[in-house]
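Q: Data file my_file-v7.cif (mmCIF, C-alpha atoms) is appended below.
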```
data_work
loop_
_atom_site.label_atom_id
_atom_site.label_comp_id
_atom_site.auth_asym_id
_atom_site.auth_seq_id
_atom_site.Cartn_x
_atom_site.Cartn_y
_atom_site.Cartn_z
CA MET A 198 90.49 97.57 117.35
CA ASN A 199 89.80 98.48 113.73
CA ASP A 200 93.51 98.11 112.86
CA TRP A 201 93.54 94.65 114.50
CA LEU A 202 90.51 93.57 112.49
CA LYS A 203 92.03 94.91 109.27
CA ARG A 204 95.29 93.05 109.88
CA ASN A 205 93.45 89.79 110.60
CA LYS A 206 91.28 90.23 107.54
CA LYS A 207 94.35 90.87 105.40
CA LYS A 208 96.14 87.80 106.83
CA SER A 209 93.07 85.64 106.23
CA LYS A 210 92.79 86.83 102.65
CA SER A 211 96.50 86.18 102.04
CA TRP A 212 96.22 82.70 103.61
CA ARG A 213 93.29 81.76 101.37
CA LYS A 214 95.10 83.02 98.27
CA ASP A 215 98.25 81.06 99.12
CA LEU A 216 96.22 77.90 99.74
CA LEU A 217 94.50 78.35 96.39
CA TYR A 218 97.88 78.68 94.66
CA LEU A 219 99.12 75.50 96.32
CA ILE A 220 96.05 73.45 95.36
CA LEU A 221 95.97 74.80 91.80
CA ILE A 222 99.66 74.29 91.00
CA LEU A 223 99.89 70.82 92.59
CA SER A 224 96.68 69.72 90.85
CA ILE A 225 98.00 70.83 87.47
CA SER A 226 101.32 69.09 88.18
CA PHE A 227 99.55 65.86 89.18
CA LEU A 228 97.35 65.82 86.06
CA LEU A 229 100.29 66.61 83.82
CA SER A 230 102.32 63.82 85.40
CA LEU A 231 99.47 61.35 84.81
CA GLN A 232 99.39 62.32 81.13
CA ILE A 233 103.15 61.85 80.82
CA GLN A 234 102.94 58.45 82.54
CA VAL A 235 100.13 57.22 80.28
CA LEU A 236 101.26 58.66 76.96
CA PHE A 237 105.06 58.59 77.15
CA GLN A 238 105.93 56.20 80.00
CA ALA A 239 108.61 58.78 80.95
CA GLU A 240 108.33 58.44 84.71
CA SER A 241 111.79 59.93 85.26
CA LEU A 242 110.38 63.35 84.31
CA ILE A 243 107.67 63.32 86.97
CA PRO A 244 109.84 64.28 90.00
CA THR A 245 111.19 67.20 87.96
CA ILE A 246 107.65 68.42 87.34
CA PHE A 247 106.89 68.39 91.07
CA VAL A 248 110.18 70.17 91.86
CA LEU A 249 109.11 72.89 89.42
CA ALA A 250 105.70 73.00 91.10
CA VAL A 251 107.32 73.51 94.53
CA PHE A 252 109.50 76.27 93.06
CA LEU A 253 106.45 78.07 91.64
CA ILE A 254 104.51 77.70 94.90
CA SER A 255 107.43 79.13 96.89
CA LEU A 256 107.64 81.98 94.41
CA VAL A 257 104.00 83.09 94.60
CA THR A 258 103.25 82.40 98.29
CA GLN A 259 104.38 84.08 101.51
CA GLY A 260 106.67 82.40 104.05
CA TYR A 261 108.19 78.94 104.35
CA ILE A 262 105.14 76.89 105.33
CA TRP A 263 103.60 76.62 101.85
CA GLY A 264 106.83 75.51 100.22
CA ILE A 265 107.51 72.88 102.91
CA MET A 266 103.90 71.69 102.74
CA SER A 267 104.06 71.40 98.95
CA SER A 268 107.36 69.46 99.29
CA LEU A 269 105.70 66.88 101.55
CA ILE A 270 102.63 66.60 99.32
CA SER A 271 104.81 66.25 96.21
CA MET A 272 106.88 63.47 97.77
CA MET A 273 103.72 61.60 98.85
CA ALA A 274 102.11 62.08 95.41
CA VAL A 275 105.16 60.71 93.57
CA ASN A 276 105.36 57.70 95.89
CA TYR A 277 101.63 57.01 95.73
CA ALA A 278 100.80 57.49 92.05
CA PHE A 279 104.06 57.30 90.12
CA THR A 280 106.19 54.71 91.93
CA PHE A 281 105.59 50.96 91.56
CA PRO A 282 103.36 49.52 92.96
CA TYR A 283 101.06 52.29 91.76
CA PHE A 284 98.33 53.96 93.82
CA THR A 285 99.58 52.73 97.14
CA PHE A 286 102.09 54.10 99.61
CA ASN A 287 105.20 51.96 99.74
CA PHE A 288 108.27 52.97 101.74
CA SER A 289 109.35 49.43 102.60
CA GLY A 290 111.74 48.93 99.69
CA PRO A 291 115.14 50.69 99.90
CA GLU A 292 114.71 52.14 96.40
CA ASN A 293 111.32 53.66 97.19
CA LEU A 294 112.50 54.96 100.56
CA PHE A 295 115.65 56.49 99.09
CA SER A 296 113.70 58.07 96.22
CA ALA A 297 111.22 59.59 98.67
CA ILE A 298 114.00 61.02 100.86
CA VAL A 299 115.83 62.51 97.87
CA MET A 300 112.58 63.93 96.51
CA LEU A 301 111.73 65.52 99.85
CA PHE A 302 115.26 66.93 100.23
CA VAL A 303 115.34 68.44 96.73
CA THR A 304 111.91 70.03 96.97
CA SER A 305 112.55 71.33 100.50
CA MET A 306 115.85 72.93 99.45
CA THR A 307 114.16 74.44 96.40
CA SER A 308 111.44 75.91 98.59
CA THR A 309 113.89 77.25 101.18
CA LEU A 310 116.23 78.86 98.66
CA THR A 311 113.36 80.46 96.76
CA THR A 312 111.87 81.89 99.95
CA LYS A 313 115.26 83.24 101.08
CA ILE A 314 115.78 84.95 97.73
CA LYS A 315 112.36 86.59 98.05
CA GLU A 316 113.16 87.76 101.59
CA GLN A 317 116.54 89.17 100.53
CA GLU A 318 114.88 91.04 97.67
CA LYS A 319 112.31 92.41 100.10
CA ILE A 320 115.06 93.55 102.49
CA ARG A 321 116.92 95.21 99.62
CA SER A 322 113.76 96.97 98.48
CA GLU A 323 113.01 98.17 102.02
CA GLY A 324 116.59 99.40 102.32
CA GLU A 325 116.22 101.46 99.15
CA LYS A 326 112.95 102.90 100.45
CA GLU A 327 114.56 103.84 103.76
CA LYS A 328 117.47 105.46 101.94
CA MET A 329 115.04 107.46 99.79
CA ARG A 330 113.07 108.51 102.90
CA ALA A 331 116.31 109.60 104.59
CA ASN A 332 117.32 111.64 101.53
CA LEU A 333 113.86 113.17 101.40
CA LEU A 334 114.01 114.04 105.10
CA ARG A 335 117.39 115.73 104.68
CA ALA A 336 116.09 117.65 101.68
CA ILE A 337 112.96 118.75 103.56
CA SER A 338 114.98 119.81 106.60
CA HIS A 339 117.23 121.91 104.37
CA ASP A 340 114.30 123.42 102.47
CA LEU A 341 112.21 124.26 105.53
CA ARG A 342 115.03 125.98 107.39
CA THR A 343 115.38 128.88 104.93
CA PRO A 344 111.73 130.04 104.71
CA LEU A 345 111.18 129.58 108.44
CA THR A 346 114.29 131.67 109.15
CA THR A 347 113.04 134.35 106.77
CA ILE A 348 109.57 134.41 108.33
CA TYR A 349 111.01 134.59 111.85
CA GLY A 350 113.48 137.31 110.88
CA SER A 351 110.90 139.45 109.08
CA CYS A 352 108.37 139.19 111.92
CA SER A 353 111.07 140.00 114.50
CA ALA A 354 112.21 143.01 112.48
CA ILE A 355 108.66 144.40 112.29
CA ILE A 356 107.96 143.84 116.00
CA GLU A 357 111.27 145.23 117.25
CA ASN A 358 111.44 148.17 114.85
CA TYR A 359 107.78 148.91 114.27
CA ASP A 360 108.05 152.67 114.90
CA LEU A 361 111.30 153.00 112.94
CA LEU A 362 110.21 151.20 109.75
CA SER A 363 108.32 152.99 107.02
CA LYS A 364 105.07 151.60 105.68
CA GLU A 365 106.82 150.50 102.49
CA GLN A 366 109.50 148.62 104.47
CA GLN A 367 106.87 146.90 106.58
CA LEU A 368 104.91 145.87 103.49
CA LYS A 369 108.07 144.51 101.86
CA LEU A 370 108.84 142.38 104.91
CA LEU A 371 105.23 141.17 105.11
CA GLU A 372 105.31 140.29 101.41
CA GLU A 373 108.35 138.11 102.05
CA VAL A 374 106.50 136.42 104.90
CA ARG A 375 103.50 135.78 102.64
CA GLU A 376 105.63 134.33 99.82
CA ASP A 377 107.50 131.99 102.15
CA SER A 378 104.25 130.95 103.83
CA GLN A 379 102.73 130.10 100.45
CA TRP A 380 105.81 128.05 99.60
CA LEU A 381 105.51 126.16 102.89
CA ILE A 382 101.85 125.43 102.18
CA ARG A 383 102.76 123.91 98.79
CA MET A 384 105.51 121.86 100.43
CA VAL A 385 103.04 120.49 102.99
CA GLU A 386 100.57 119.66 100.19
CA ASN A 387 103.27 117.63 98.46
CA LEU A 388 104.23 115.82 101.65
CA LEU A 389 100.59 114.98 102.41
CA SER A 390 100.25 113.50 98.93
CA VAL A 391 103.35 111.38 99.49
CA THR A 392 102.01 109.99 102.78
CA ARG A 393 98.64 109.35 101.17
CA ILE A 394 100.12 107.01 98.57
CA ASP A 395 103.18 105.84 100.50
CA GLY A 396 104.26 102.24 100.16
CA GLU A 397 101.89 101.55 97.26
CA LYS A 398 99.31 100.36 99.82
CA VAL A 399 96.59 102.86 98.98
CA ASN A 400 94.70 102.60 95.74
CA VAL A 401 93.56 105.98 94.51
CA ILE A 402 89.84 106.31 93.93
CA LYS A 403 89.33 107.20 90.29
CA THR A 404 86.27 109.05 89.07
CA PRO A 405 85.58 110.10 85.46
CA THR A 406 86.86 113.67 85.03
CA VAL A 407 86.24 115.86 82.00
CA LEU A 408 89.56 117.04 80.58
CA GLU A 409 88.44 120.59 79.85
CA GLU A 410 87.15 121.07 83.40
CA LEU A 411 90.40 119.71 84.84
CA ILE A 412 92.52 122.11 82.79
CA ASP A 413 90.27 125.09 83.66
CA THR A 414 90.60 124.33 87.39
CA VAL A 415 94.39 124.06 87.16
CA LEU A 416 94.72 127.30 85.20
CA VAL A 417 92.53 129.23 87.65
CA LYS A 418 94.68 128.07 90.58
CA PHE A 419 97.90 128.76 88.70
CA GLN A 420 96.89 132.29 87.68
CA LYS A 421 96.06 133.12 91.29
CA ARG A 422 99.59 132.19 92.34
CA TYR A 423 101.36 133.56 89.24
CA PRO A 424 99.17 136.27 87.73
CA GLY A 425 102.01 137.58 85.59
CA GLN A 426 102.82 134.25 83.89
CA GLU A 427 100.92 133.46 80.70
CA VAL A 428 100.27 129.82 79.81
CA THR A 429 99.56 128.72 76.24
CA VAL A 430 97.01 125.90 76.29
CA GLU A 431 96.39 123.34 73.57
CA ILE A 432 93.81 120.59 74.13
CA PRO A 433 91.68 118.43 71.77
CA ASP A 434 88.31 119.72 70.63
CA GLU A 435 86.52 116.43 71.27
CA PHE A 436 85.02 115.43 74.61
CA ILE A 437 87.52 113.47 76.71
CA SER A 438 86.85 111.87 80.08
CA ILE A 439 89.67 110.36 82.14
CA PRO A 440 89.30 108.21 85.29
CA MET A 441 91.48 109.82 87.99
CA ASP A 442 91.75 111.31 91.43
CA ALA A 443 91.26 114.86 90.15
CA VAL A 444 92.81 116.54 93.21
CA LEU A 445 96.05 114.57 92.84
CA ILE A 446 96.33 115.07 89.07
CA GLU A 447 95.67 118.80 89.55
CA GLN A 448 98.60 118.81 91.94
CA VAL A 449 100.81 117.07 89.36
CA LEU A 450 100.01 119.74 86.76
CA MET A 451 100.48 122.53 89.30
CA ASN A 452 103.86 121.12 90.34
CA LEU A 453 105.05 120.91 86.73
CA LEU A 454 103.87 124.44 85.90
CA GLU A 455 105.36 125.87 89.11
CA ASN A 456 108.68 124.10 88.54
CA ALA A 457 108.91 125.80 85.15
CA VAL A 458 108.23 129.23 86.68
CA GLN A 459 110.67 128.73 89.55
CA HIS A 460 113.50 126.83 87.90
CA ALA A 461 113.46 127.44 84.12
CA LYS A 462 115.95 130.30 84.00
CA GLY A 463 115.36 132.60 81.03
CA MET A 464 111.89 131.20 80.27
CA LYS A 465 109.71 133.36 78.02
CA GLN A 466 107.00 130.88 77.01
CA LEU A 467 105.15 128.23 79.01
CA LYS A 468 102.88 125.75 77.25
CA LEU A 469 100.40 123.16 78.48
CA LYS A 470 99.41 120.65 75.81
CA VAL A 471 97.13 117.61 75.92
CA PHE A 472 96.68 115.14 73.07
CA THR A 473 95.52 111.55 72.66
CA SER A 474 97.40 108.47 71.48
CA GLY A 475 95.35 105.29 71.25
CA THR A 476 93.69 104.73 74.63
CA LYS A 477 95.91 107.25 76.43
CA ALA A 478 95.73 110.97 77.07
CA ILE A 479 99.16 112.60 77.03
CA PHE A 480 99.80 115.75 79.11
CA GLU A 481 102.88 117.88 78.39
CA VAL A 482 104.24 121.01 80.08
CA THR A 483 106.95 122.70 77.99
CA ASP A 484 109.13 125.72 78.72
CA ASP A 485 111.86 127.44 76.71
CA GLY A 486 114.20 127.98 79.63
CA CYS A 487 117.64 126.64 80.51
CA GLY A 488 116.83 122.91 80.37
CA ILE A 489 118.06 120.23 82.78
CA PRO A 490 121.65 118.92 83.00
CA LYS A 491 122.02 115.44 81.47
CA GLU A 492 123.50 114.00 84.65
CA GLN A 493 120.25 114.75 86.52
CA MET A 494 117.94 113.09 84.01
CA SER A 495 118.51 109.53 85.25
CA HIS A 496 117.29 110.30 88.79
CA LEU A 497 114.97 113.18 88.04
CA PHE A 498 111.87 111.65 89.65
CA THR A 499 113.51 109.69 92.47
CA GLY A 500 114.59 112.28 95.00
CA TYR A 501 116.01 115.66 95.84
CA LEU A 502 117.68 117.60 93.01
CA GLU A 503 119.55 120.84 92.79
CA LYS A 504 118.12 123.71 90.82
CA ARG A 505 118.67 123.67 87.08
CA ASN A 506 121.00 126.61 87.51
CA ALA A 507 123.17 126.80 90.61
CA PRO A 508 121.14 128.54 93.32
CA ALA A 509 122.45 131.42 95.31
CA ASP A 510 123.02 130.91 99.02
CA GLY A 511 119.84 131.04 101.01
CA GLN A 512 117.52 130.14 98.13
CA LYS A 513 115.07 127.36 98.76
CA ASN A 514 114.32 124.57 96.32
CA SER A 515 111.66 121.85 96.15
CA MET A 516 112.11 120.77 92.54
CA GLY A 517 113.15 117.21 93.38
CA ILE A 518 110.49 116.76 96.04
CA GLY A 519 107.74 118.04 93.73
CA LEU A 520 108.81 115.76 90.89
CA SER A 521 109.03 112.77 93.25
CA VAL A 522 105.46 113.48 94.31
CA CYS A 523 104.37 113.66 90.67
CA ALA A 524 105.99 110.30 89.92
CA ALA A 525 104.37 108.67 92.96
CA ILE A 526 100.91 110.01 92.09
CA LEU A 527 101.14 108.84 88.50
CA LYS A 528 102.45 105.42 89.53
CA ALA A 529 99.41 105.04 91.78
CA HIS A 530 97.24 105.91 88.75
CA GLY A 531 99.00 103.37 86.54
CA GLY A 532 100.43 106.19 84.43
CA GLU A 533 103.93 107.15 83.34
CA ILE A 534 105.93 110.38 83.61
CA TYR A 535 108.93 111.50 81.58
CA ALA A 536 111.13 114.51 80.86
CA GLU A 537 113.22 115.50 77.85
CA ASN A 538 115.27 118.53 76.90
CA GLN A 539 114.22 120.37 73.76
CA LYS A 540 116.75 120.95 70.97
CA SER A 541 115.63 124.57 70.76
CA GLY A 542 116.06 125.01 74.52
CA GLY A 543 113.91 124.28 77.52
CA VAL A 544 112.40 121.04 78.72
CA THR A 545 109.17 119.08 78.34
CA PHE A 546 107.62 117.21 81.25
CA GLY A 547 104.92 114.77 80.22
CA PHE A 548 102.76 111.99 81.58
CA SER A 549 100.07 109.65 80.31
CA LEU A 550 96.76 108.43 81.70
CA GLU A 551 94.26 105.92 80.36
CA LYS A 552 91.10 107.47 78.93
CA GLU A 553 87.67 106.30 79.99
CA GLU A 554 86.39 103.35 77.99
CA VAL A 555 83.18 104.09 76.15
CA ASP A 556 80.48 101.52 76.88
CA GLU A 557 77.62 101.76 74.41
CA ASN A 558 75.30 99.97 76.87
CA ASN A 559 75.47 103.04 79.10
CA TYR A 560 73.59 105.01 76.44
CA GLU A 561 70.79 102.54 75.81
#
```
Mind turning this structure into structure tokens?

A:
Amino acid sequence: MNDWLKRNKKKSKSWRKDLLYLILILSISFLLSLQIQVLFQAESLIPTIFVLAVFLISLVTQGYIWGIMSSLISMMAVNYAFTFPYFTFNFSGPENLFSAIVMLFVTSMTSTLTTKIKEQEKIRSEGEKEKMRANLLRAISHDLRTPLTTIYGSCSAIIENYDLLSKEQQLKLLEEVREDSQWLIRMVENLLSVTRIDGEKVNVIKTPTVLEELIDTVLVKFQKRYPGQEVTVEIPDEFISIPMDAVLIEQVLMNLLENAVQHAKGMKQLKLKVFTSGTKAIFEVTDDGCGIPKEQMSHLFTGYLEKRNAPADGQKNSMGIGLSVCAAILKAHGGEIYAENQKSGGVTFGFSLEKEEVDENNYE
């Protein structure tokens, strides 16, 4: 019932918006045509103005009805106000009748072609989304198989050989189970984030978040998962507040830090830096590892990628999935994400978010 009400509410809102577009564009076209008629006596330009109006209406509205309706209204307006005798409908003369038919035909064709182009673009966009979902599903299926097999094998080994295995062997197998379970949890977190912002239909709820508190929370979580990895942090001294969904942005930073640990072969230093540029706060995660092959840069944030260095058989990898999640989260925030290899080695992942605007009235 709630879904039905939401759909009807959405349709009603869309209908009102399309009607407003039609009235606004045709009104502007009519007033502009009157000015041209009075000032320049260039009546031959007036049908062109209404054809352009129909094109714009078809472009900004949904479906065929608004374009066809605007075609009829445009033809009637030209015949009524801009065809002699003025300010009266006259279809009796062959010239007036022919002009009205041509006008209606041209505007209708313009509306139909514009609507078809929009529908084809929508179909193409949906096709690309489905292709990306299929690629993601294949990547997830591949990635889930390995840890699940490891967990099943380790548990089976312990159960079937409990009396034969030493305590150290049992602990080693259980440690493998724990590591793969943690990896699966992170994978599920990423997938839940994707479904939360899928299709660009959900607007994230932004609340002012203090930068220093955000970074502290991320570092605490990261150190729990990777106690042996040191992170060099560099943030501004001044107070900075950023509107965001803190949970999602924390996940972005965690994904970028974890990707460095898991995929930056030969990494010795990991750095998290935040600085400001105008109204934006720039976040950067930099490692000094192996970098990323140039051929992967163009589709780095769009889908599944191989590891930076060729993985051994049986290794799992979620680099592409994690980066796709980061890109989706930042797009929902109105931010941007990028990656670039460093000349000295390693790679920098960065993204930007708008800082909170300071309103002096809030302090009165």

Q: Any chance you could work out the residue set of the PyMOL selection byres ((chain A and resi 251) around 10) here, as a PyMOL selection string?

A: chain A and resi 219+222-223+226+245-250+252-256+263-271+303-308+311

Q: Translate the PyMOL selection byres ((chain A and resi 551) around 10), as applied to the file shown, into an explicit residue set as a list in words.

A: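 Matching residues under the PyMOL selection byres ((chain A and resi 551) around 10) are Ser438, Ile439, Pro440, Met441, Thr473, Ser474, Gly475, Thr476, Lys477, Ala478, Ile479, His530, Gly531, Gly532, Ser549, Leu550, Lys552, Glu553 and Glu554 of chain A.
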
Q: Would you translate the PyMOL selection byres ((chain A and resi 543) around 12) into the concrete set of residues it matches in this file, as an NGL selection string?

A: :A and (457-458 or 460-468 or 482-490 or 505 or 536-542 or 544-546)

Q: Any chance you can output those residues with C-alpha atoms as a CSV table (one decimal), in the coordinates of the input?

A:
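This went into selection33.csv:
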```csv
chain,number,residue,atom,x,y,z
A,457,ALA,CA,108.9,125.8,85.2
A,458,VAL,CA,108.2,129.2,86.7
A,460,HIS,CA,113.5,126.8,87.9
A,461,ALA,CA,113.5,127.4,84.1
A,462,LYS,CA,116.0,130.3,84.0
A,463,GLY,CA,115.4,132.6,81.0
A,464,MET,CA,111.9,131.2,80.3
A,465,LYS,CA,109.7,133.4,78.0
A,466,GLN,CA,107.0,130.9,77.0
A,467,LEU,CA,105.2,128.2,79.0
A,468,LYS,CA,102.9,125.8,77.2
A,482,VAL,CA,104.2,121.0,80.1
A,483,THR,CA,107.0,122.7,78.0
A,484,ASP,CA,109.1,125.7,78.7
A,485,ASP,CA,111.9,127.4,76.7
A,486,GLY,CA,114.2,128.0,79.6
A,487,CYS,CA,117.6,126.6,80.5
A,488,GLY,CA,116.8,122.9,80.4
A,489,ILE,CA,118.1,120.2,82.8
A,490,PRO,CA,121.6,118.9,83.0
A,505,ARG,CA,118.7,123.7,87.1
A,536,ALA,CA,111.1,114.5,80.9
A,537,GLU,CA,113.2,115.5,77.8
A,538,ASN,CA,115.3,118.5,76.9
A,539,GLN,CA,114.2,120.4,73.8
A,540,LYS,CA,116.8,121.0,71.0
A,541,SER,CA,115.6,124.6,70.8
A,542,GLY,CA,116.1,125.0,74.5
A,544,VAL,CA,112.4,121.0,78.7
A,545,THR,CA,109.2,119.1,78.3
A,546,PHE,CA,107.6,117.2,81.2
```

Q: If we count all atoms listed in the file, what is near range 421-425 of chain A at a cut-off of 9 Å, once residues fewer than 4 positions away on the same chain are taken out, given as a ChimeraX atom specification?

A: /A:379,416-417,455,458

Q: Only C-alpha atoms, please: the residues just picked out, written as a PDB file, in the frame of the given file.

A:
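Saved to out-v1.pdb:
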```pdb
ATOM      1  CA  GLN A 379     102.730 130.100 100.450  1.00  0.00           C
ATOM      2  CA  LEU A 416      94.720 127.300  85.200  1.00  0.00           C
ATOM      3  CA  VAL A 417      92.530 129.230  87.650  1.00  0.00           C
ATOM      4  CA  GLU A 455     105.360 125.870  89.110  1.00  0.00           C
ATOM      5  CA  VAL A 458     108.230 129.230  86.680  1.00  0.00           C
TER       6      VAL A 458
END
```

Q: What is the distance, in Å and to one decimal place, between CA of Cys523 in chain A and CA of Arg321 in chain A?

A: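 Rounded to one decimal, the two atoms are 24.0 Å apart.
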
Q: Considering only C-alpha atoms, state which residue in the set A:Ala443, A:Ala524, A:Lys470, A:Thr280 is at the smallest distance from His496 in chain A.

A: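 Counting only C-alpha atoms, the residue closest to His496 in chain A is A:Ala524.
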
Q: Residues at most 9 Å from Glu409 in chain A, counting all atoms listed in the file, excluding those fewer than 5 positions away in the same chain, as a list in words?

A: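 Listing them by chain and then by number gives Thr414, Ile432, Pro433, Phe436, Ile437 and Ser438 of chain A.
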
Q: Just give me the gap between CA of Lys364 in chain A and CA of Asp377 in chain A in Å, one decimal is fine.

A: 20.1 Å

Q: Here is a test: counting only C-alpha atoms, which residue of A:Phe288, A:Tyr261, A:Tyr535, A:Tyr218 is nearest to Leu497 in chain A?

A: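 Counting only C-alpha atoms, the residue closest to Leu497 in chain A is A:Tyr535.
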
Q: Hey, can you check how far CA of Val428 in chain A sits from CA of Met494 in chain A?

A: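 Here the two named atoms are 24.7 Å from each other.
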
Q: With 6 Å on each side, where is the centre of the axis-aligned box around all listed atoms of range 212-215 of chain A, and how long are its edges in Å to one decimal, as AutoDock Vina command-line options?

A:
```
--center_x 95.8 --center_y 82.0 --center_z 100.9 --size_x 17.0 --size_y 14.0 --size_z 17.3
```
